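Have a look at input.txt below; it lists compact mmCIF, C-alpha atoms and all ligand atoms.
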```
# COMPACT_ATOMS: atom_id res chain seq x y z
CA MET R 1 -82.41 153.19 32.74
CA LYS R 2 -84.47 151.58 35.46
CA GLU R 3 -87.70 152.29 33.58
CA GLN R 4 -86.26 150.87 30.41
CA ILE R 5 -85.30 147.65 32.14
CA GLU R 6 -88.78 147.32 33.58
CA LYS R 7 -90.40 148.09 30.27
CA ILE R 8 -88.40 145.40 28.46
CA MET R 9 -89.09 142.92 31.24
CA ALA R 10 -92.85 143.56 30.86
CA GLU R 11 -92.61 143.14 27.09
CA LEU R 12 -90.75 139.89 27.49
CA ASN R 13 -93.48 138.57 29.77
CA GLU R 14 -96.13 139.40 27.21
CA LEU R 15 -94.09 138.06 24.28
CA LYS R 16 -95.80 135.43 22.15
CA CYS R 17 -94.48 133.77 19.01
CA GLN R 18 -96.04 131.25 16.65
CA THR R 19 -93.20 130.27 14.35
CA ASP R 20 -89.43 129.80 14.38
CA LYS R 21 -89.14 132.91 12.28
CA GLU R 22 -90.95 135.07 14.85
CA VAL R 23 -88.77 133.70 17.66
CA GLU R 24 -85.67 134.59 15.69
CA GLU R 25 -86.99 138.11 15.10
CA ALA R 26 -87.63 138.52 18.80
CA ARG R 27 -84.12 137.26 19.61
CA VAL R 28 -82.62 139.82 17.25
CA ARG R 29 -84.82 142.58 18.66
CA PHE R 30 -83.74 142.01 22.25
CA LEU R 31 -80.41 140.19 22.19
CA GLY R 32 -79.01 140.79 18.69
CA LYS R 33 -75.92 142.97 18.11
CA LYS R 34 -78.13 146.04 17.83
CA GLY R 35 -80.82 144.67 20.13
CA GLU R 36 -82.47 146.60 22.96
CA ILE R 37 -80.76 144.70 25.79
CA THR R 38 -77.39 144.91 24.07
CA ALA R 39 -77.91 148.68 23.81
CA LEU R 40 -78.55 148.87 27.56
CA PHE R 41 -75.24 147.13 28.22
CA ASP R 42 -73.55 149.83 26.10
CA GLU R 43 -75.34 152.53 28.08
CA PHE R 44 -74.29 150.88 31.34
CA ARG R 45 -70.74 152.11 30.75
CA THR R 46 -71.90 155.68 31.36
CA VAL R 47 -73.73 154.91 34.63
CA ALA R 48 -72.32 156.66 37.74
CA PRO R 49 -69.94 154.36 39.66
CA GLU R 50 -72.10 154.21 42.81
CA MET R 51 -75.09 152.99 40.74
CA LYS R 52 -73.13 150.39 38.78
CA ARG R 53 -73.66 147.55 41.22
CA GLU R 54 -77.45 147.86 41.29
CA PHE R 55 -77.87 148.33 37.53
CA GLY R 56 -75.34 145.65 36.72
CA GLN R 57 -77.35 143.11 38.68
CA ARG R 58 -80.64 144.19 37.13
CA LEU R 59 -79.18 144.06 33.62
CA ASN R 60 -77.80 140.56 34.11
CA VAL R 61 -81.15 139.35 35.42
CA LEU R 62 -82.86 140.90 32.40
CA LYS R 63 -80.47 139.24 29.98
CA LYS R 64 -80.92 135.83 31.61
CA GLU R 65 -84.70 136.22 31.57
CA ALA R 66 -84.63 137.17 27.89
CA GLN R 67 -82.44 134.20 26.98
CA ALA R 68 -84.67 131.80 28.94
CA LYS R 69 -87.79 133.23 27.33
CA ILE R 70 -86.38 132.92 23.82
CA GLU R 71 -85.37 129.29 24.50
CA GLU R 72 -88.82 128.52 25.83
CA LEU R 73 -90.50 130.10 22.81
CA LYS R 74 -88.17 128.24 20.48
CA SER R 75 -89.15 124.89 21.92
CA LEU R 76 -92.85 125.71 21.51
CA ALA R 77 -92.70 127.26 18.06
CA VAL R 78 -93.77 125.29 15.02
CA SER R 79 -91.38 125.13 12.11
CA ALA R 80 -92.71 127.17 9.27
CA PRO R 81 -93.44 124.87 6.38
CA SER R 82 -90.75 125.19 3.75
CA GLN R 83 -91.90 126.41 0.38
CA THR R 84 -90.80 123.26 -1.42
CA ALA R 85 -92.38 120.88 1.06
CA ALA R 86 -95.69 120.84 -0.70
CA ALA R 87 -94.00 119.78 -3.95
CA GLU R 88 -92.22 116.78 -2.38
CA ASP R 89 -93.84 113.41 -2.90
CA ILE R 90 -92.59 111.22 -0.11
CA THR R 91 -94.27 108.16 -1.60
CA LEU R 92 -91.85 108.11 -4.57
CA PRO R 93 -89.33 105.22 -4.48
CA GLY R 94 -85.81 106.23 -3.26
CA ASP R 95 -82.69 106.39 -5.41
CA ALA R 96 -81.03 102.99 -5.66
CA LEU R 97 -77.56 102.83 -4.07
CA ASP R 98 -74.71 102.11 -6.46
CA LEU R 99 -73.05 99.20 -4.71
CA GLY R 100 -69.81 98.98 -6.68
CA SER R 101 -67.83 95.79 -7.17
CA ARG R 102 -64.37 94.34 -6.64
CA HIS R 103 -61.59 95.67 -8.87
CA PRO R 104 -60.48 93.13 -11.50
CA VAL R 105 -56.90 93.20 -10.16
CA SER R 106 -58.22 92.32 -6.69
CA ILE R 107 -60.32 89.52 -8.15
CA ALA R 108 -57.34 88.05 -10.04
CA ARG R 109 -55.02 88.46 -7.04
CA GLN R 110 -57.49 86.69 -4.77
CA GLU R 111 -57.96 83.89 -7.28
CA ILE R 112 -54.19 83.30 -7.48
CA ILE R 113 -53.93 83.35 -3.68
CA ASN R 114 -56.83 80.89 -3.30
CA ILE R 115 -55.22 78.43 -5.70
CA PHE R 116 -51.91 78.41 -3.83
CA ARG R 117 -53.68 78.32 -0.46
CA LYS R 118 -55.29 75.09 -1.65
CA PHE R 119 -51.80 73.74 -2.38
CA GLY R 120 -50.80 74.51 1.21
CA TYR R 121 -48.89 77.79 0.77
CA ASP R 122 -48.91 80.43 3.52
CA ILE R 123 -49.08 84.16 2.76
CA ALA R 124 -46.16 86.42 3.62
CA GLU R 125 -46.06 90.21 3.40
CA GLY R 126 -43.28 92.75 3.69
CA PRO R 127 -42.51 96.45 3.30
CA GLU R 128 -42.96 98.31 0.00
CA ILE R 129 -40.09 100.64 0.88
CA GLU R 130 -37.21 98.21 1.09
CA ASP R 131 -33.44 98.31 1.31
CA ASP R 132 -30.99 97.38 -1.41
CA TYR R 133 -29.92 94.31 0.54
CA HIS R 134 -33.32 92.57 0.49
CA VAL R 135 -34.23 93.53 -3.08
CA PHE R 136 -30.85 92.88 -4.73
CA GLU R 137 -27.84 91.97 -2.62
CA ALA R 138 -29.32 88.91 -0.84
CA LEU R 139 -30.74 87.73 -4.16
CA ASN R 140 -27.33 87.39 -5.74
CA PHE R 141 -27.28 90.74 -7.56
CA PRO R 142 -23.82 92.05 -6.58
CA ALA R 143 -23.37 95.86 -6.49
CA ASN R 144 -23.02 97.28 -10.02
CA HIS R 145 -24.03 93.96 -11.58
CA PRO R 146 -25.67 94.54 -15.00
CA ALA R 147 -28.62 92.30 -14.00
CA ARG R 148 -29.85 95.21 -11.87
CA ASP R 149 -30.78 96.90 -15.14
CA MET R 150 -33.53 94.30 -15.60
CA GLN R 151 -35.49 96.21 -12.98
CA ASP R 152 -35.25 99.99 -13.25
CA THR R 153 -35.47 101.14 -9.68
CA PHE R 154 -36.94 104.14 -7.85
CA PHE R 155 -34.45 105.02 -5.12
CA VAL R 156 -35.70 106.75 -1.97
CA SER R 157 -32.22 107.54 -0.65
CA SER R 158 -28.85 107.19 -2.30
CA GLY R 159 -25.19 107.55 -1.45
CA HIS R 160 -25.61 105.00 1.34
CA PRO R 161 -24.10 101.49 1.14
CA ASN R 162 -27.61 100.02 1.66
CA PRO R 163 -29.94 102.66 0.16
CA LEU R 164 -33.72 102.62 0.55
CA LEU R 165 -35.78 102.00 -2.56
CA LEU R 166 -39.27 101.03 -3.70
CA ARG R 167 -39.20 97.26 -4.08
CA THR R 168 -39.07 96.14 -7.71
CA HIS R 169 -40.33 92.65 -6.92
CA THR R 170 -41.74 90.81 -3.90
CA SER R 171 -38.74 88.45 -3.91
CA SER R 172 -37.60 90.72 -1.06
CA VAL R 173 -40.39 89.20 1.04
CA GLN R 174 -39.03 85.74 0.21
CA VAL R 175 -35.65 86.83 1.58
CA ARG R 176 -37.28 88.11 4.78
CA THR R 177 -39.18 84.83 5.10
CA MET R 178 -36.00 82.74 4.68
CA GLU R 179 -34.29 84.88 7.34
CA LYS R 180 -37.10 84.24 9.82
CA MET R 181 -38.11 80.64 9.15
CA THR R 182 -36.42 77.27 8.91
CA PRO R 183 -37.38 74.84 6.12
CA PRO R 184 -39.77 73.46 5.11
CA ILE R 185 -40.94 76.85 3.80
CA ARG R 186 -43.93 77.23 1.52
CA VAL R 187 -45.13 80.80 1.02
CA ILE R 188 -46.57 83.15 -1.55
CA CYS R 189 -45.88 86.86 -1.40
CA PRO R 190 -48.55 89.07 -2.94
CA GLY R 191 -47.92 92.79 -3.12
CA ARG R 192 -47.39 96.04 -4.99
CA VAL R 193 -44.11 96.62 -6.80
CA PHE R 194 -42.59 99.64 -8.49
CA ARG R 195 -40.36 100.06 -11.53
CA ASN R 196 -39.16 103.13 -13.30
CA GLU R 197 -40.77 102.26 -16.62
CA ALA R 198 -42.54 104.37 -19.23
CA ILE R 199 -46.29 103.69 -19.01
CA SER R 200 -47.58 101.78 -22.04
CA ALA R 201 -50.12 99.11 -22.97
CA ARG R 202 -47.73 96.47 -21.61
CA ALA R 203 -45.88 98.19 -18.75
CA HIS R 204 -46.66 100.40 -15.76
CA CYS R 205 -44.55 101.95 -13.02
CA ILE R 206 -46.75 100.33 -10.35
CA PHE R 207 -48.12 96.83 -10.62
CA HIS R 208 -48.91 93.78 -8.50
CA GLN R 209 -47.07 90.51 -8.16
CA VAL R 210 -47.57 87.17 -6.51
CA GLU R 211 -44.28 85.39 -5.98
CA GLY R 212 -43.88 81.95 -4.47
CA LEU R 213 -41.15 80.02 -2.65
CA TYR R 214 -40.89 76.37 -1.69
CA ILE R 215 -37.86 75.06 0.21
CA ASP R 216 -37.42 71.58 1.64
CA GLU R 217 -35.15 68.55 1.31
CA ASN R 218 -35.01 67.05 -2.18
CA VAL R 219 -37.11 69.67 -3.99
CA THR R 220 -36.45 69.30 -7.72
CA PHE R 221 -37.25 71.03 -10.99
CA ALA R 222 -39.95 68.37 -11.56
CA ASP R 223 -41.76 69.67 -8.45
CA LEU R 224 -41.60 73.19 -9.83
CA LYS R 225 -43.00 72.08 -13.16
CA GLN R 226 -45.85 70.22 -11.51
CA ALA R 227 -46.76 73.14 -9.22
CA ILE R 228 -46.89 75.55 -12.16
CA LEU R 229 -48.88 73.13 -14.32
CA LEU R 230 -51.47 72.64 -11.57
CA PHE R 231 -51.69 76.39 -11.05
CA ALA R 232 -52.13 77.09 -14.78
CA ARG R 233 -54.93 74.52 -15.05
CA GLU R 234 -56.77 75.97 -12.05
CA MET R 235 -56.40 79.49 -13.39
CA PHE R 236 -56.96 79.08 -17.12
CA GLY R 237 -58.93 75.83 -17.38
CA PRO R 238 -58.26 72.07 -17.21
CA ASP R 239 -57.13 71.75 -20.85
CA THR R 240 -54.29 74.24 -20.39
CA SER R 241 -50.77 73.04 -21.14
CA ILE R 242 -47.51 74.79 -20.28
CA ARG R 243 -44.07 75.07 -21.79
CA MET R 244 -40.86 76.22 -20.15
CA ARG R 245 -38.19 78.24 -21.93
CA PRO R 246 -34.68 78.67 -20.49
CA SER R 247 -34.17 82.14 -19.02
CA TYR R 248 -31.95 84.02 -16.60
CA PHE R 249 -32.53 85.45 -13.14
CA PRO R 250 -29.62 86.07 -10.77
CA PHE R 251 -31.42 84.34 -7.88
CA THR R 252 -32.42 81.09 -9.62
CA GLU R 253 -30.37 78.46 -11.45
CA PRO R 254 -31.58 77.03 -13.73
CA SER R 255 -34.23 79.65 -14.58
CA ALA R 256 -37.19 79.45 -16.90
CA GLU R 257 -40.00 81.46 -18.35
CA VAL R 258 -43.36 79.75 -18.48
CA ASP R 259 -45.95 80.03 -21.26
CA VAL R 260 -49.51 78.69 -21.15
CA SER R 261 -51.38 77.51 -24.21
CA CYS R 262 -53.49 80.37 -25.56
CA ASN R 263 -56.95 80.02 -24.05
CA ILE R 264 -58.53 81.97 -26.90
CA CYS R 265 -57.42 80.12 -30.02
CA HIS R 266 -56.34 76.91 -28.25
CA GLY R 267 -52.99 76.85 -29.98
CA LYS R 268 -54.15 77.72 -33.49
CA GLY R 269 -52.71 81.25 -33.33
CA CYS R 270 -54.60 84.54 -32.83
CA ASN R 271 -53.77 88.20 -32.31
CA ILE R 272 -53.66 87.86 -28.49
CA CYS R 273 -50.90 85.21 -28.66
CA LYS R 274 -49.48 86.90 -31.77
CA GLY R 275 -49.97 83.74 -33.81
CA THR R 276 -47.76 81.59 -31.58
CA GLY R 277 -50.43 79.72 -29.62
CA TRP R 278 -48.58 80.52 -26.34
CA LEU R 279 -48.82 83.28 -23.72
CA GLU R 280 -46.06 84.10 -21.23
CA ILE R 281 -47.29 84.08 -17.61
CA LEU R 282 -44.36 83.93 -15.21
CA GLY R 283 -40.68 83.55 -14.40
CA CYS R 284 -39.33 80.79 -12.18
CA GLY R 285 -36.36 78.59 -11.31
CA MET R 286 -34.48 76.62 -8.66
CA VAL R 287 -33.28 78.91 -5.86
CA ASP R 288 -29.58 79.62 -6.33
CA PRO R 289 -27.52 78.06 -3.46
CA ASN R 290 -25.92 81.51 -2.90
CA VAL R 291 -29.38 82.89 -2.08
CA LEU R 292 -30.11 80.11 0.42
CA GLU R 293 -26.73 80.58 2.11
CA ALA R 294 -27.13 84.39 2.28
CA SER R 295 -30.26 83.88 4.39
CA GLY R 296 -28.72 81.21 6.59
CA ILE R 297 -30.17 78.08 4.96
CA ASP R 298 -27.87 75.09 4.43
CA SER R 299 -27.75 74.63 0.65
CA LYS R 300 -26.26 71.15 1.00
CA LYS R 301 -29.30 69.95 2.88
CA TYR R 302 -32.07 71.99 1.30
CA SER R 303 -33.12 72.99 -2.19
CA GLY R 304 -36.12 74.91 -3.43
CA PHE R 305 -37.93 76.62 -6.24
CA ALA R 306 -39.30 80.13 -6.68
CA PHE R 307 -41.63 81.74 -9.16
CA GLY R 308 -43.09 85.18 -9.73
CA MET R 309 -45.97 86.51 -11.77
CA GLY R 310 -47.58 89.87 -12.53
CA VAL R 311 -51.21 89.97 -11.41
CA GLU R 312 -52.23 92.47 -14.12
CA ARG R 313 -50.67 90.24 -16.74
CA ILE R 314 -52.60 87.19 -15.52
CA ALA R 315 -55.77 89.31 -15.41
CA MET R 316 -55.15 90.55 -18.98
CA LEU R 317 -54.81 87.00 -20.23
CA LYS R 318 -57.75 85.69 -18.27
CA TRP R 319 -60.15 88.39 -19.46
CA GLN R 320 -58.47 89.17 -22.79
CA VAL R 321 -57.79 92.81 -21.97
CA ASN R 322 -55.27 94.20 -24.42
CA ASP R 323 -54.14 97.33 -22.57
CA LEU R 324 -52.70 97.28 -19.04
CA ARG R 325 -53.65 100.92 -18.51
CA HIS R 326 -57.36 100.01 -18.24
CA TYR R 327 -56.58 98.55 -14.82
CA PHE R 328 -55.33 101.88 -13.50
CA GLU R 329 -57.68 104.41 -15.08
CA ASN R 330 -60.77 103.20 -13.20
CA ASP R 331 -63.21 104.00 -15.98
CA LEU R 332 -66.52 102.81 -14.53
CA ARG R 333 -67.61 101.36 -17.89
CA PHE R 334 -64.59 99.06 -17.71
CA LEU R 335 -64.91 98.21 -14.02
CA ARG R 336 -68.62 97.36 -14.37
CA GLU R 337 -67.67 94.58 -16.80
CA PHE R 338 -66.41 92.69 -13.75
CA SER R 339 -69.34 93.30 -11.45
CA SER R 340 -70.72 89.83 -12.08
CA CYS R 341 -67.41 88.09 -11.27
CA VAL R 342 -67.97 85.83 -8.29
CA GLU R 343 -66.59 87.06 -4.97
CA VAL R 344 -63.92 84.63 -3.94
N1 LIG D 401 -38.61 88.36 -9.22
C1 LIG D 401 -38.76 88.12 -10.65
C2 LIG D 401 -39.30 89.39 -11.30
O1 LIG D 401 -39.86 90.20 -10.64
C3 LIG D 401 -39.67 86.97 -10.94
C4 LIG D 401 -39.11 85.67 -10.46
C5 LIG D 401 -39.38 85.23 -9.19
C6 LIG D 401 -38.35 84.89 -11.27
C7 LIG D 401 -38.87 84.03 -8.73
C8 LIG D 401 -37.82 83.68 -10.87
C9 LIG D 401 -38.08 83.26 -9.59
O2 LIG D 401 -39.17 89.58 -12.47
```

Translate the structure of the given file into structure tokens.
Amino acid sequence: MKEQIEKIMAELNELKCQTDKEVEEARVRFLGKKGEITALFDEFRTVAPEMKREFGQRLNVLKKEAQAKIEELKSLAVSAPSQTAAAEDITLPGDALDLGSRHPVSIARQEIINIFRKFGYDIAEGPEIEDDYHVFEALNFPANHPARDMQDTFFVSSGHPNPLLLRTHTSSVQVRTMEKMTPPIRVICPGRVFRNEAISARAHCIFHQVEGLYIDENVTFADLKQAILLFAREMFGPDTSIRMRPSYFPFTEPSAEVDVSCNICHGKGCNICKGTGWLEILGCGMVDPNVLEASGIDSKKYSGFAFGMGVERIAMLKWQVNDLRHYFENDLRFLREFSSCVEV
């Protein structure tokens, strides 16, 4: 065994390698699983006990020497040229990076937010998983009231007096804002909402809303009308007119639905406005005194208005997209249509 150790040591001293490949071969030859030094370690087990100490030391020195030598050779070796290297033309121009662009729903959402920011509204956000109280109860939907059917709900937990659910509108954020703040309050609440609806060209189970709330002394329906008119003109162009139709929401009284004049046919009637000249954009109304009181606001002193719109719907009208599902499928051919929309 002693001779073998000396022989390998001598070979290691003489060892010369040119390329990475040769260094690797040498490593395998000496230190690989079936390598010469590894074999000596196996043999070491059969060495007589009184010799073990001496040979053990020699073997360890040999192994360390071999490892150091291989490392040294590795650092000196030149990488063998790869076979494809010659074929590569490093002077060719690189591949252009696909930069992507903002999603149309984000663009529309940001545009709505910017308009209301200009009017002095703050932004409020709240949880997507909400409780029954903030989505329904505090908004004047008593338990088992049929108005709850207007918004088919995904429940997260049931059997509890205040079950958790996915919010069906961001009016819940308005409730949370009224709980926290004292009037004057002027906020918009952008966010994702969820309804248990069959997916079609006009409805989806997830969509985005921007809702707004304004509470102060002496706020009237005329203020609401003016705010919505100004918004519509900023969003759809200065010639836009609006009309309000009576409607019903449990949390507002009186309530209205708002239409804008069709920006495609300018009132003449086309297939987008179904020949009527008008397009529905949002729901609104004067905050019901019950809602103010539920959140601790004195309804004798204060009044306010609220409104809520679907961002996808506004985006559909703005860009004349006739199927809501385009906004969720993320077909690049569709998304690229918006790449030139100005970042706002
Ligand atoms: N929360 C209503 C909805 O989601 C919209 C709305 C908001 C209506 C505020 C009136 C006032 O349908």

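Taking all atoms listed in the file into account, ligand LIG 401 (chain D) lies nearest to R:Leu139 out of the set R:Leu139, R:Val321, R:Leu165, R:Met178.
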
Two-atom distance - CA of Lys63 (chain R), CA of Thr19 (chain R) (Å):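 Computed distance, CA of Lys63 (chain R) to CA of Thr19 (chain R), equals 22.1 Å.
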
Can you tell me which residues come within 6 Å of ligand LIG 401 (chain D) when counting all atoms listed in the file, ideally as a list of chain:residue names?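 Using all atoms listed in the file, I find these residues within 6 Å of ligand LIG 401 (chain D): R:His169, R:Ser171, R:Glu211, R:Gly283, R:Cys284, R:Gly285, R:Ala306, R:Phe307, R:Gly308.
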
I want to know what sits within 9 Å of Lys318 (chain R), based on all atoms listed in the file, with residues of the same chain fewer than 6 positions away left out; could you give that as a VMD selection string? chain R and resid 108 235 to 236 263

Taking all atoms listed in the file into account, produce a table as a Markdown table in which each residue of region 79-186 of chain R with an atom at most 10 Å from an atom of region 199-207 of chain R appears once, together with its shortest atom pair and the distance in Å to one decimal, ordered by chain and rising number.
```
| residue | atom | partner | partner_atom | distance |
| --- | --- | --- | --- | --- |
| R:Val105 | CA | R:Phe207 | CA | 9.5 |
| R:Asp152 | CA | R:Cys205 | CA | 9.5 |
| R:Thr153 | CA | R:Cys205 | CA | 9.7 |
| R:Phe154 | CA | R:Cys205 | CA | 9.5 |
| R:Thr168 | CA | R:Ile206 | CA | 9.1 |
| R:His169 | CA | R:Phe207 | CA | 9.6 |
```

Considering only C-alpha atoms, return as a PyMOL selection string whatever protein or nucleic-acid residues lie within 10 Å of region 251-255 of chain R, sequence-local ones (same chain, fewer than 2 positions apart) excluded. chain R and resi 136-141+171+221+244-249+257-258+283-292+304-307

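Note that CA of Ser261 (chain R) and CA of Thr276 (chain R) are 9.2 Å apart.
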
Which of R:Cys262, R:Met309, R:Met1, R:Leu282 sits closest to Arg45 (chain R) [using all atoms listed in the file]: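 Among the listed residues, R:Met1 lies closest to Arg45 (chain R).
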
Taking all listed atoms of region 190-207 of chain R, build the axis-aligned box, pad each of the six sides by 8 Å, then write its centre and edge lengths in Å to one decimal as AutoDock Vina command-line options.
```
--center_x -44.6 --center_y 96.7 --center_z -13.0 --size_x 27.0 --size_y 31.3 --size_z 36.0
```

Atom-to-atom span, CA of Arg333 (chain R) and CA of Arg109 (chain R), Å: 21.0 Å

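Each of R:Leu166, R:Met181, R:Ile281, R:Leu97 was compared to Arg195 (chain R) using all atoms listed in the file, and R:Leu166 turns out to be the nearest.
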
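Remark: for Gln4 (chain R), the closest of the candidate residues R:Leu62, R:Val23, R:Leu279, R:Leu31 is R:Leu62 (distances computed over only C-alpha atoms).
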
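For the residues R:Thr240, R:Ser295, R:Ser75, R:Ser158, ranking by smallest atom-to-atom distance to Gln174 (chain R) using all atoms listed in the file places R:Ser295 first.
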
Mind completing region 83-104 of chain R with N, CA and C atoms? Output as a PDB file, in the coordinates of the input, please?
```
ATOM      1  N   GLN R  83     -91.103 126.164   1.579  1.00  0.00           N
ATOM      2  CA  GLN R  83     -91.900 126.410   0.380  1.00  0.00           C
ATOM      3  C   GLN R  83     -91.935 125.208  -0.549  1.00  0.00           C
ATOM      4  N   THR R  84     -90.855 124.380  -0.484  1.00  0.00           N
ATOM      5  CA  THR R  84     -90.800 123.260  -1.420  1.00  0.00           C
ATOM      6  C   THR R  84     -91.538 122.043  -0.873  1.00  0.00           C
ATOM      7  N   ALA R  85     -91.828 122.078   0.433  1.00  0.00           N
ATOM      8  CA  ALA R  85     -92.380 120.880   1.060  1.00  0.00           C
ATOM      9  C   ALA R  85     -93.607 120.349   0.335  1.00  0.00           C
ATOM     10  N   ALA R  86     -94.451 121.266  -0.077  1.00  0.00           N
ATOM     11  CA  ALA R  86     -95.690 120.840  -0.700  1.00  0.00           C
ATOM     12  C   ALA R  86     -95.416 120.062  -1.991  1.00  0.00           C
ATOM     13  N   ALA R  87     -94.285 120.402  -2.660  1.00  0.00           N
ATOM     14  CA  ALA R  87     -94.000 119.780  -3.950  1.00  0.00           C
ATOM     15  C   ALA R  87     -93.378 118.384  -3.788  1.00  0.00           C
ATOM     16  N   GLU R  88     -92.879 118.074  -2.564  1.00  0.00           N
ATOM     17  CA  GLU R  88     -92.220 116.780  -2.380  1.00  0.00           C
ATOM     18  C   GLU R  88     -93.220 115.647  -2.253  1.00  0.00           C
ATOM     19  N   ASP R  89     -92.956 114.572  -2.999  1.00  0.00           N
ATOM     20  CA  ASP R  89     -93.840 113.410  -2.900  1.00  0.00           C
ATOM     21  C   ASP R  89     -93.081 112.309  -2.198  1.00  0.00           C
ATOM     22  N   ILE R  90     -93.378 112.167  -0.905  1.00  0.00           N
ATOM     23  CA  ILE R  90     -92.590 111.220  -0.110  1.00  0.00           C
ATOM     24  C   ILE R  90     -92.958 109.775  -0.396  1.00  0.00           C
ATOM     25  N   THR R  91     -93.928 109.553  -1.269  1.00  0.00           N
ATOM     26  CA  THR R  91     -94.270 108.160  -1.600  1.00  0.00           C
ATOM     27  C   THR R  91     -93.455 107.652  -2.787  1.00  0.00           C
ATOM     28  N   LEU R  92     -92.668 108.563  -3.432  1.00  0.00           N
ATOM     29  CA  LEU R  92     -91.850 108.110  -4.570  1.00  0.00           C
ATOM     30  C   LEU R  92     -90.772 107.134  -4.087  1.00  0.00           C
ATOM     31  N   PRO R  93     -90.403 106.133  -4.914  1.00  0.00           N
ATOM     32  CA  PRO R  93     -89.330 105.220  -4.480  1.00  0.00           C
ATOM     33  C   PRO R  93     -87.996 105.967  -4.378  1.00  0.00           C
ATOM     34  N   GLY R  94     -87.101 105.549  -3.436  1.00  0.00           N
ATOM     35  CA  GLY R  94     -85.810 106.230  -3.260  1.00  0.00           C
ATOM     36  C   GLY R  94     -84.838 105.916  -4.390  1.00  0.00           C
ATOM     37  N   ASP R  95     -83.726 106.680  -4.402  1.00  0.00           N
ATOM     38  CA  ASP R  95     -82.690 106.390  -5.410  1.00  0.00           C
ATOM     39  C   ASP R  95     -81.954 105.125  -5.002  1.00  0.00           C
ATOM     40  N   ALA R  96     -81.738 104.236  -5.959  1.00  0.00           N
ATOM     41  CA  ALA R  96     -81.030 102.990  -5.660  1.00  0.00           C
ATOM     42  C   ALA R  96     -79.563 103.303  -5.362  1.00  0.00           C
ATOM     43  N   LEU R  97     -78.969 102.619  -4.394  1.00  0.00           N
ATOM     44  CA  LEU R  97     -77.560 102.830  -4.070  1.00  0.00           C
ATOM     45  C   LEU R  97     -76.676 102.075  -5.050  1.00  0.00           C
ATOM     46  N   ASP R  98     -75.664 102.763  -5.561  1.00  0.00           N
ATOM     47  CA  ASP R  98     -74.710 102.110  -6.460  1.00  0.00           C
ATOM     48  C   ASP R  98     -73.758 101.303  -5.582  1.00  0.00           C
ATOM     49  N   LEU R  99     -73.808  99.997  -5.663  1.00  0.00           N
ATOM     50  CA  LEU R  99     -73.050  99.200  -4.710  1.00  0.00           C
ATOM     51  C   LEU R  99     -71.563  99.044  -5.042  1.00  0.00           C
ATOM     52  N   GLY R 100     -71.210  99.177  -6.314  1.00  0.00           N
ATOM     53  CA  GLY R 100     -69.810  98.980  -6.680  1.00  0.00           C
ATOM     54  C   GLY R 100     -69.456  97.511  -6.713  1.00  0.00           C
ATOM     55  N   SER R 101     -68.235  97.207  -7.116  1.00  0.00           N
ATOM     56  CA  SER R 101     -67.830  95.790  -7.170  1.00  0.00           C
ATOM     57  C   SER R 101     -66.322  95.716  -6.987  1.00  0.00           C
ATOM     58  N   ARG R 102     -65.815  94.505  -6.830  1.00  0.00           N
ATOM     59  CA  ARG R 102     -64.370  94.340  -6.640  1.00  0.00           C
ATOM     60  C   ARG R 102     -63.621  94.732  -7.896  1.00  0.00           C
ATOM     61  N   HIS R 103     -62.425  95.304  -7.727  1.00  0.00           N
ATOM     62  CA  HIS R 103     -61.590  95.670  -8.870  1.00  0.00           C
ATOM     63  C   HIS R 103     -61.030  94.396  -9.509  1.00  0.00           C
ATOM     64  N   PRO R 104     -60.951  94.354 -10.858  1.00  0.00           N
ATOM     65  CA  PRO R 104     -60.480  93.130 -11.500  1.00  0.00           C
ATOM     66  C   PRO R 104     -59.099  92.668 -11.013  1.00  0.00           C
TER      67      PRO R 104
END
```
